[in-house]
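Chemist: Before anything else, here's the structure in question.
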Amino acid sequence: MKVRVLGCSGAIAQGCRTTAFLIEGRVLIDAGTGVGDLTLEEMRHIDHVLLTHSHLDHVAALPLMLDAVSSLRSTPVQVHALPATIAALRAHIFNNVIWPDFSRIPSAAAPFLIFKELETGQTLHLAGLDIEVLPAIHTVPAVGYAVRGRSGWWAYSGDTGPNPAFWQRINQLPVAMLVIETAFSNHESALAQRSQHLAPHTLAQELAQLNPGRPCPIYITHTKPSETQLIVEQVRRFDAITHPGSGEPHDISWLQAGQEFEV
């Protein structure tokens with residue numbers, strides 16, 4: 001299974017694109033500004049968009065992508081999300097004020113966009129892929145996702161604060177690659193707590209819940225551009241500390257837009 005990182009930043013700046021992952025060329029997980037690096041041909045092959053939540057950095061490119069490719073497609077794009085996320089998109093983006101309601105254009109019977117509700121714990125079968133909806137804890141209703149690959153599951157936390165239910169499920173899966181957010185440095189711990197994000201010290205607490213008998217590569221996403229280097233340094237400090245009882249350090253790397261992985 002091919003995973004392409006289109007964007008993995010917590011905000012925009014030169015070289016920084018917000019969250020979007022392209023799976024096997026047909027499934028898009030989140031629709032941040034990284035989608036804009038795709039060609040029209042690549043965008044028109046996306047049949048399914050799975051959103052973690054309604055925040056702008058995860059949905060910003062969705063209306064623009066639909067506008068770019070709808071005339072090139074013969075079937076609607078299916079957008080899968082929690083009911084609250086869909087309600088937010090209808091009320092605040094596809095409302096004929098900020099953007100046309102593509103779920104009723106060119107007609108209600110044959111729209112460019114179809115919304116599909118999902119729920120935490122559900123398993124979806126889309127474009128030949130098995131995708132599980134994982135729990136997330138954020139300031140708005142949110143989820144993460146796990147996608148089954150040939151060597152195991154690609155798991156993505158979405159935007160989340162401390163989340164015991166996430167680790168309970170992750171420890172039950174043969175995870176081949178874990179993508180987890182760390183949006184703020186330890187100096188911004190209070191803001192991270194209020195906004196339900198992780199900082200390096202809370203990331204350490206979260207990773208302590210990962211089964212040491214099932215190690216996997218861990219990739220950090222969603223760092224704020226102004227704090228990325230500091231976050232990297234702070235994570236490296238705790239990364240030098242071994243897992244309790246295992247004798248092995250965490251295998252932690254940082255995502256970059258443009259990376260591709262085979263899972």
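Here, A, B, ... name the chains of the structure tokens in the order displayed, residue numbers run from 1 inside each chain, and ligands are numbered from 1 in the same displayed order.
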With only C-alpha atoms counted and 9 Å as the cut-off, give the residues of stretch 115-143 of chain A in contact with stretch 71-94 of chain A, each with its shortest interatomic distance in Å and the pair that gives it, as CSV.
Modeler:
```
residue,atom,partner,partner_atom,distance
A:Phe115,CA,A:Val79,CA,4.9
A:Lys116,CA,A:His80,CA,4.6
A:Glu117,CA,A:Ala81,CA,5.4
A:Leu118,CA,A:Leu82,CA,5.2
A:Glu119,CA,A:Leu82,CA,6.0
A:Thr120,CA,A:Leu82,CA,8.3
A:Val140,CA,A:Ala84,CA,8.4
A:Pro141,CA,A:Ala84,CA,6.6
A:Ala142,CA,A:Leu82,CA,7.4
A:Val143,CA,A:Leu82,CA,8.0
```
Chemist: Could you please write out, as an MDAnalysis selection string, every residue of stretch 160-208 of chain A that DSSP assigns to alpha helix (DSSP H)?
Modeler: chainID A and resid 164:170 189:194 200:207
Chemist: Which residue gives the smallest distance to A:His125 among A:Pro111, A:Gln205, A:Glu24, A:Arg148, with only C-alpha atoms counted?
Modeler: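 Looking at the shortest contact to A:His125, the residue is A:Arg148.
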Chemist: Which is closest to A:Ser157 among A:Thr182, A:Gln209, A:Thr33, A:Asn95, if we use only C-alpha atoms?
Modeler: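 Between A:Thr182, A:Gln209, A:Thr33, A:Asn95, the residue approaching A:Ser157 most closely is A:Thr182.
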Chemist: Between atom CA of A:Gly15 and atom CA of A:His187, what is the spacing in Å?
Modeler: 24.1 Å
Chemist: What gap, in Å, lies between atom CA of A:Thr202 and atom CA of A:Glu188?
Modeler: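 Computed distance, atom CA of A:Thr202 to atom CA of A:Glu188, equals 11.6 Å.
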Chemist: Given the choices A:Gln259, A:Thr19, A:Gln172, A:Gln229, which gets closest to A:Gly152 if the distance is worked out from only C-alpha atoms?
Modeler: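 Between A:Gln259, A:Thr19, A:Gln172, A:Gln229, the residue approaching A:Gly152 most closely is A:Gln172.
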Chemist: Between A:Ala146, A:Met177, A:Leu40, A:Val27, which has the minimum distance to A:Glu262 (counting only C-alpha atoms)?
Modeler: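 Looking only at the distances to A:Glu262, the closest residue turns out to be A:Met177.
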Chemist: Counting only C-alpha atoms, which residue out of A:Cys16, A:Leu6, A:Ala60, A:Ile131 sits closest to A:Thr39?
Modeler: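 Ranked by minimum distance to A:Thr39, first place goes to A:Leu6.
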Chemist: As a compact mmCIF listing (two decimals) with C-alpha atoms, in the first residue's frame, please: the residues near A:Ala190 (cut-off 12 Å, only C-alpha atoms, same-chain neighbours under 5 positions excluded).
Modeler:
```txt
# COMPACT_ATOMS: atom_id res chain seq x y z
CA GLY A 161 -4.90 15.20 23.24
CA PHE A 184 3.33 22.39 20.33
CA SER A 185 6.61 22.53 22.23
CA SER A 195 -6.52 23.01 22.43
CA GLN A 196 -6.37 19.23 22.92
CA HIS A 197 -3.03 18.70 21.19
CA LEU A 198 0.14 16.94 22.29
CA ALA A 199 3.47 18.44 23.32
CA HIS A 201 6.17 15.67 27.39
CA THR A 202 2.59 14.45 26.80
```
Chemist: Show me, as JSON lines, the residues of stretch 110-226 of chain A having an atom within 12 Å of stretch 43-46 of chain A, each with the closest atom pair and its distance in Å, using only C-alpha atoms.
Modeler:
```
{"residue": "A:Phe112", "atom": "CA", "partner": "A:Arg44", "partner_atom": "CA", "distance": 11.7}
{"residue": "A:Leu113", "atom": "CA", "partner": "A:Ile46", "partner_atom": "CA", "distance": 11.9}
{"residue": "A:Leu126", "atom": "CA", "partner": "A:Ile46", "partner_atom": "CA", "distance": 11.4}
{"residue": "A:Ala127", "atom": "CA", "partner": "A:Ile46", "partner_atom": "CA", "distance": 9.8}
```
Chemist: Can you list, as a ChimeraX atom specification, every protein, DNA or RNA residue that comes within 9 Å of A:Cys216 when you count only C-alpha atoms, leaving out same-chain residues fewer than 2 positions away?
Modeler: /A:175-178,214,218,250-251
Chemist: For the residues in that selection, give me N, CA and C atoms as an mmCIF file, in the first residue's frame.
Modeler:
```
data_model
loop_
_atom_site.group_PDB
_atom_site.id
_atom_site.type_symbol
_atom_site.label_atom_id
_atom_site.label_comp_id
_atom_site.auth_asym_id
_atom_site.auth_seq_id
_atom_site.Cartn_x
_atom_site.Cartn_y
_atom_site.Cartn_z
ATOM 1 N N VAL A 175 0.560 -2.889 13.921
ATOM 2 C CA VAL A 175 0.843 -1.584 13.322
ATOM 3 C C VAL A 175 2.230 -1.593 12.680
ATOM 4 N N ALA A 176 2.277 -1.202 11.415
ATOM 5 C CA ALA A 176 3.544 -1.131 10.688
ATOM 6 C C ALA A 176 4.118 0.275 10.683
ATOM 7 N N MET A 177 3.261 1.298 10.889
ATOM 8 C CA MET A 177 3.711 2.686 10.877
ATOM 9 C C MET A 177 2.687 3.514 11.647
ATOM 10 N N LEU A 178 3.182 4.288 12.616
ATOM 11 C CA LEU A 178 2.310 5.121 13.435
ATOM 12 C C LEU A 178 2.629 6.587 13.183
ATOM 13 N N ARG A 214 5.598 -4.716 20.685
ATOM 14 C CA ARG A 214 5.191 -4.509 19.291
ATOM 15 C C ARG A 214 5.745 -3.180 18.797
ATOM 16 N N ILE A 218 7.642 5.391 14.357
ATOM 17 C CA ILE A 218 6.728 6.447 14.780
ATOM 18 C C ILE A 218 7.125 7.725 14.052
ATOM 19 N N HIS A 250 12.733 4.603 21.425
ATOM 20 C CA HIS A 250 11.671 4.774 20.442
ATOM 21 C C HIS A 250 12.289 5.037 19.070
ATOM 22 N N ASP A 251 11.648 4.539 18.051
ATOM 23 C CA ASP A 251 12.069 4.790 16.667
ATOM 24 C C ASP A 251 11.213 5.935 16.138
#
```
Chemist: Could you tell me how far atom CA of A:Val49 sits from atom CA of A:Ile29, in Å to one decimal place?
Modeler: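 Here the two named atoms are 5.8 Å from each other.
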